[in-house]
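Engineer: File follows, work.cif with mmCIF, C-alpha atoms:
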data_final
loop_
_atom_site.group_PDB
_atom_site.id
_atom_site.type_symbol
_atom_site.label_atom_id
_atom_site.label_comp_id
_atom_site.auth_asym_id
_atom_site.auth_seq_id
_atom_site.Cartn_x
_atom_site.Cartn_y
_atom_site.Cartn_z
ATOM 1 C CA MET A 3 0.000 0.000 0.000
ATOM 2 C CA GLU A 4 3.044 2.224 -0.403
ATOM 3 C CA ARG A 5 1.565 4.102 -3.366
ATOM 4 C CA VAL A 6 -1.748 4.604 -1.549
ATOM 5 C CA ASN A 7 0.114 6.120 1.381
ATOM 6 C CA ARG A 8 1.831 8.448 -1.089
ATOM 7 C CA ILE A 9 -1.624 9.584 -2.245
ATOM 8 C CA LEU A 10 -2.613 10.304 1.346
ATOM 9 C CA THR A 11 0.487 12.419 1.947
ATOM 10 C CA SER A 12 0.425 14.184 -1.430
ATOM 11 C CA SER A 13 0.188 17.957 -1.042
ATOM 12 C CA LEU A 14 -2.117 18.055 -4.091
ATOM 13 C CA TYR A 15 -4.408 15.447 -2.564
ATOM 14 C CA GLN A 16 -4.438 17.247 0.765
ATOM 15 C CA GLU A 17 -5.355 20.491 -1.031
ATOM 16 C CA TYR A 18 -8.260 18.818 -2.836
ATOM 17 C CA LEU A 19 -9.492 17.302 0.431
ATOM 18 C CA ARG A 20 -9.343 20.734 2.042
ATOM 19 C CA LYS A 21 -11.322 22.234 -0.858
ATOM 20 C CA ASN A 22 -13.967 19.493 -0.602
ATOM 21 C CA ASN A 23 -14.258 20.071 3.146
ATOM 22 C CA LEU A 24 -14.590 23.842 2.721
ATOM 23 C CA ALA A 25 -17.154 23.492 -0.085
ATOM 24 C CA GLU A 26 -19.266 21.158 2.059
ATOM 25 C CA ALA A 27 -18.768 22.824 5.443
ATOM 26 C CA SER A 28 -22.409 23.884 5.654
ATOM 27 C CA ARG A 29 -23.822 20.940 3.673
ATOM 28 C CA ARG A 30 -26.456 19.059 5.674
ATOM 29 C CA PHE A 31 -26.358 15.926 3.546
ATOM 30 C CA CYS A 32 -23.673 13.328 2.719
ATOM 31 C CA HIS A 33 -20.124 14.635 2.566
ATOM 32 C CA HIS A 34 -17.361 13.708 0.136
ATOM 33 C CA ASN A 35 -14.535 13.379 2.609
ATOM 34 C CA MET A 36 -12.003 10.879 3.913
ATOM 35 C CA GLY A 37 -14.689 8.961 5.807
ATOM 36 C CA HIS A 38 -16.649 8.413 2.594
ATOM 37 C CA PHE A 39 -13.520 7.560 0.596
ATOM 38 C CA LEU A 40 -12.446 4.933 3.136
ATOM 39 C CA ASP A 41 -15.973 3.493 3.361
ATOM 40 C CA VAL A 42 -15.966 3.053 -0.424
ATOM 41 C CA ALA A 43 -12.486 1.489 -0.361
ATOM 42 C CA ARG A 44 -13.408 -0.971 2.369
ATOM 43 C CA ILE A 45 -16.729 -1.951 0.797
ATOM 44 C CA ALA A 46 -15.007 -2.378 -2.579
ATOM 45 C CA SER A 47 -12.391 -4.589 -0.918
ATOM 46 C CA ILE A 48 -15.095 -6.748 0.654
ATOM 47 C CA LEU A 49 -16.967 -7.058 -2.649
ATOM 48 C CA ASN A 50 -13.710 -7.799 -4.464
ATOM 49 C CA GLU A 51 -13.036 -10.760 -2.168
ATOM 50 C CA LYS A 52 -16.636 -11.946 -1.831
ATOM 51 C CA GLU A 53 -17.390 -11.866 -5.555
ATOM 52 C CA ASP A 54 -13.886 -12.676 -6.825
ATOM 53 C CA TYR A 55 -13.367 -9.562 -8.929
ATOM 54 C CA GLY A 56 -9.604 -10.104 -8.910
ATOM 55 C CA GLN A 57 -8.730 -6.427 -8.434
ATOM 56 C CA GLU A 58 -5.537 -5.420 -6.634
ATOM 57 C CA GLN A 59 -6.083 -3.878 -3.207
ATOM 58 C CA GLU A 60 -3.815 -0.911 -3.922
ATOM 59 C CA ILE A 61 -5.719 -0.094 -7.138
ATOM 60 C CA ILE A 62 -9.066 -0.341 -5.314
ATOM 61 C CA TYR A 63 -7.910 2.043 -2.595
ATOM 62 C CA ALA A 64 -6.412 4.504 -5.090
ATOM 63 C CA ALA A 65 -9.672 4.634 -7.075
ATOM 64 C CA ALA A 66 -11.772 5.004 -3.918
ATOM 65 C CA LEU A 67 -9.586 7.746 -2.437
ATOM 66 C CA LEU A 68 -9.747 9.752 -5.657
ATOM 67 C CA HIS A 69 -13.254 9.099 -7.034
ATOM 68 C CA ASP A 70 -14.860 12.234 -5.500
ATOM 69 C CA ILE A 71 -11.762 14.392 -5.009
ATOM 70 C CA GLY A 72 -13.087 16.984 -7.478
ATOM 71 C CA ARG A 73 -16.450 17.455 -5.818
ATOM 72 C CA TRP A 74 -15.483 21.038 -4.876
ATOM 73 C CA ARG A 75 -15.261 21.911 -8.577
ATOM 74 C CA GLN A 76 -18.878 20.860 -9.079
ATOM 75 C CA TYR A 77 -19.875 23.426 -6.454
ATOM 76 C CA GLU A 78 -17.458 26.015 -7.834
ATOM 77 C CA ASP A 79 -18.052 25.854 -11.599
ATOM 78 C CA GLY A 80 -20.645 23.139 -12.268
ATOM 79 C CA THR A 81 -18.204 20.533 -13.616
ATOM 80 C CA PRO A 82 -19.686 17.078 -12.938
ATOM 81 C CA HIS A 83 -17.608 15.711 -10.073
ATOM 82 C CA GLU A 84 -16.701 12.456 -11.822
ATOM 83 C CA LYS A 85 -15.117 14.496 -14.631
ATOM 84 C CA ALA A 86 -13.473 16.953 -12.229
ATOM 85 C CA SER A 87 -12.077 14.069 -10.182
ATOM 86 C CA ALA A 88 -10.761 12.322 -13.310
ATOM 87 C CA ASP A 89 -9.123 15.609 -14.362
ATOM 88 C CA LEU A 90 -7.422 16.104 -10.977
ATOM 89 C CA ALA A 91 -6.395 12.508 -10.241
ATOM 90 C CA PRO A 92 -3.642 11.951 -12.875
ATOM 91 C CA ALA A 93 -1.148 14.301 -11.236
ATOM 92 C CA VAL A 94 -1.710 12.676 -7.830
ATOM 93 C CA LEU A 95 -1.416 9.180 -9.309
ATOM 94 C CA GLU A 96 1.742 10.038 -11.220
ATOM 95 C CA GLU A 97 3.503 11.564 -8.213
ATOM 96 C CA SER A 98 2.409 8.541 -6.155
ATOM 97 C CA GLY A 99 4.140 6.101 -8.520
ATOM 98 C CA PHE A 100 1.259 4.596 -10.521
ATOM 99 C CA ASN A 101 2.184 3.564 -14.064
ATOM 100 C CA ASP A 102 0.191 4.441 -17.199
ATOM 101 C CA VAL A 103 -1.778 1.171 -17.227
ATOM 102 C CA ASP A 104 -2.831 1.509 -13.579
ATOM 103 C CA ARG A 105 -3.628 5.217 -14.020
ATOM 104 C CA ASP A 106 -5.874 4.447 -17.011
ATOM 105 C CA ARG A 107 -7.779 1.764 -15.081
ATOM 106 C CA ILE A 108 -8.246 4.051 -12.087
ATOM 107 C CA LEU A 109 -9.303 7.037 -14.203
ATOM 108 C CA THR A 110 -11.792 4.896 -16.136
ATOM 109 C CA ALA A 111 -13.329 3.743 -12.843
ATOM 110 C CA ILE A 112 -13.498 7.323 -11.547
ATOM 111 C CA ILE A 113 -15.186 8.667 -14.688
ATOM 112 C CA ASN A 114 -17.669 5.747 -14.615
ATOM 113 C CA HIS A 115 -18.459 5.662 -10.898
ATOM 114 C CA ARG A 116 -21.885 7.253 -11.450
ATOM 115 C CA ASP A 117 -22.771 5.334 -14.630
ATOM 116 C CA ALA A 118 -25.279 2.551 -13.910
ATOM 117 C CA ALA A 119 -24.223 0.832 -17.151
ATOM 118 C CA VAL A 120 -21.107 -0.504 -15.340
ATOM 119 C CA LYS A 121 -23.056 -1.766 -12.314
ATOM 120 C CA GLY A 122 -22.839 -5.448 -13.227
ATOM 121 C CA GLU A 123 -19.313 -5.434 -14.637
ATOM 122 C CA LYS A 124 -16.623 -7.483 -12.917
ATOM 123 C CA SER A 125 -14.223 -4.614 -13.466
ATOM 124 C CA LEU A 126 -12.749 -1.868 -11.322
ATOM 125 C CA SER A 127 -15.467 0.426 -12.705
ATOM 126 C CA GLY A 128 -18.248 -1.948 -11.654
ATOM 127 C CA LEU A 129 -16.660 -2.463 -8.276
ATOM 128 C CA LEU A 130 -16.271 1.264 -7.578
ATOM 129 C CA TYR A 131 -19.833 1.971 -8.746
ATOM 130 C CA ARG A 132 -21.314 -0.666 -6.431
ATOM 131 C CA ALA A 133 -19.156 0.263 -3.445
ATOM 132 C CA ASP A 134 -19.954 3.961 -3.823
ATOM 133 C CA LYS A 135 -23.693 3.321 -4.027
ATOM 134 C CA SER A 136 -23.547 0.925 -1.047
ATOM 135 C CA SER A 137 -21.528 3.275 1.130
ATOM 136 C CA ARG A 138 -24.244 5.648 2.269
ATOM 137 C CA PRO A 139 -26.014 4.626 5.515
ATOM 138 C CA CYS A 140 -29.327 6.329 4.719
ATOM 139 C CA PHE A 141 -31.055 4.084 7.280
ATOM 140 C CA ALA A 142 -29.123 5.876 10.044
ATOM 141 C CA CYS A 143 -29.043 9.390 8.608
ATOM 142 C CA GLU A 144 -30.796 12.249 10.401
ATOM 143 C CA MET A 145 -31.333 13.949 7.032
ATOM 144 C CA GLU A 146 -32.894 10.941 5.255
ATOM 145 C CA LYS A 147 -36.414 12.411 5.279
ATOM 146 C CA ASP A 148 -35.170 15.705 3.781
ATOM 147 C CA CYS A 149 -32.833 14.088 1.233
ATOM 148 C CA ASP A 150 -33.871 14.493 -2.390
ATOM 149 C CA TRP A 151 -32.555 11.076 -3.444
ATOM 150 C CA LYS A 152 -35.347 8.872 -4.756
ATOM 151 C CA LYS A 153 -36.441 6.210 -2.278
ATOM 152 C CA GLU A 154 -35.162 3.370 -4.481
ATOM 153 C CA LYS A 155 -31.718 4.967 -4.550
ATOM 154 C CA LYS A 156 -31.441 5.227 -0.749
ATOM 155 C CA ASN A 157 -29.755 2.552 1.338
ATOM 156 C CA LEU A 158 -32.481 1.869 3.857
ATOM 157 C CA LYS A 159 -30.946 -1.453 4.925
ATOM 158 C CA LEU A 160 -27.488 -3.001 4.964
ATOM 159 C CA LEU A 161 -26.605 -4.461 1.586
ATOM 160 C CA ILE A 162 -23.474 -6.441 2.385
#
Can you present the structure in this file as structure tokens?

Structural biologist:
Amino acid sequence: MERVNRILTSSLYQEYLRKNNLAEASRRFCHHNMGHFLDVARIASILNEKEDYGQEQEIIYAAALLHDIGRWRQYEDGTPHEKASADLAPAVLEESGFNDVDRDRILTAIINHRDAAVKGEKSLSGLLYRADKSSRPCFACEMEKDCDWKKEKKNLKLLI
């Protein structure tokens, strides 16, 4: 997990985290912060083992840590956060030691993490999509009744 730890200590990554936290400081609903990123990584790791996806742990964690890192840009200029995150992630991945093949896989998963078409894929994209959607504990959220997510999208029970 050496490269993942390089992501965590990257000054660029830390700046993006700070910008996400500032942009969501007064947000009442789900946040896009380290807690969410680690929830996604851990759920993806469980699914990877349980369903034999065959994805490397370090690649899973890198994708999960970076999948929403550009959320602040969506608030700032309207850029969809999957695109913003995919635009910001390459520099962090490169300085963290990920090669071109790994970077492409991670960026593809980031750009697709909101695309239901990948839901059933046994790929990093499918894994990240499912983990991200499973990560929100709507059943325990004080804001669930006020949330504008459709009922069928909410996690009102544990899924894994």

Engineer: Give, as AutoDock Vina command-line options, the centre coordinates and the x, y and z edge lengths in Å to one decimal for an axis-aligned box around all listed atoms of range 50-53 of chain A, padded by 8 Å on each side.

Structural biologist:
--center_x -15.2 --center_y -9.9 --center_z -3.7 --size_x 20.4 --size_y 20.1 --size_z 19.7

Engineer: I'd like to know which of A:Tyr18, A:Asn114, A:Ala93, A:Lys152 is closest to Gly128 in chain A, using only C-alpha atoms.

Structural biologist: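 Among the listed residues, the smallest separation from Gly128 in chain A belongs to A:Asn114.
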
Engineer: Check the smallest atom-to-atom distance from each of A:Ser98, A:Ser28, A:Gln59, A:Thr110 to Tyr15 in chain A using all atoms listed in the file, then report the winner.

Structural biologist: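 Counting all atoms listed in the file, the residue closest to Tyr15 in chain A is A:Ser98.
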
Engineer: The PyMOL selection byres ((chain A and resi 99-105) around 12) on the file shown: which residues, as a PyMOL selection string?

Structural biologist: chain A and resi 3-9+12+57-58+60-62+64-65+68+88-98+106-112+126

Engineer: Smallest atom-to-atom distance to Ala66 in chain A: which of A:Ser13, A:Ser125, A:Ser47, A:Asn23, using all atoms listed in the file?

Structural biologist: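 Residue with the minimum atom-to-atom distance to Ala66 in chain A: A:Ser47.
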
Engineer: How many Å lie between CA of Val120 in chain A and CA of His34 in chain A, rounded to one decimal?

Structural biologist: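 Atom-to-atom, CA of Val120 in chain A to CA of His34 in chain A, that is 21.3 Å.
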
Engineer: Identify all residues satisfying the PyMOL selection byres ((chain A and resi 44) around 12) in the given file; provide them as a VMD selection string.

Structural biologist: chain A and resid 37 to 43 45 to 51 59 to 60 62 to 67 129 to 130 132 to 134 136 to 137 162

Engineer: Suppose you want the space between CA of Met36 in chain A and CA of Glu53 in chain A; what is it in Å?

Structural biologist: 25.2 Å

Engineer: Give me, please, the distance in Å between CA of Cys32 in chain A and CA of Asp150 in chain A, quoted to one decimal.

Structural biologist: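 Pair CA of Cys32 in chain A / CA of Asp150 in chain A returns 11.5 Å.
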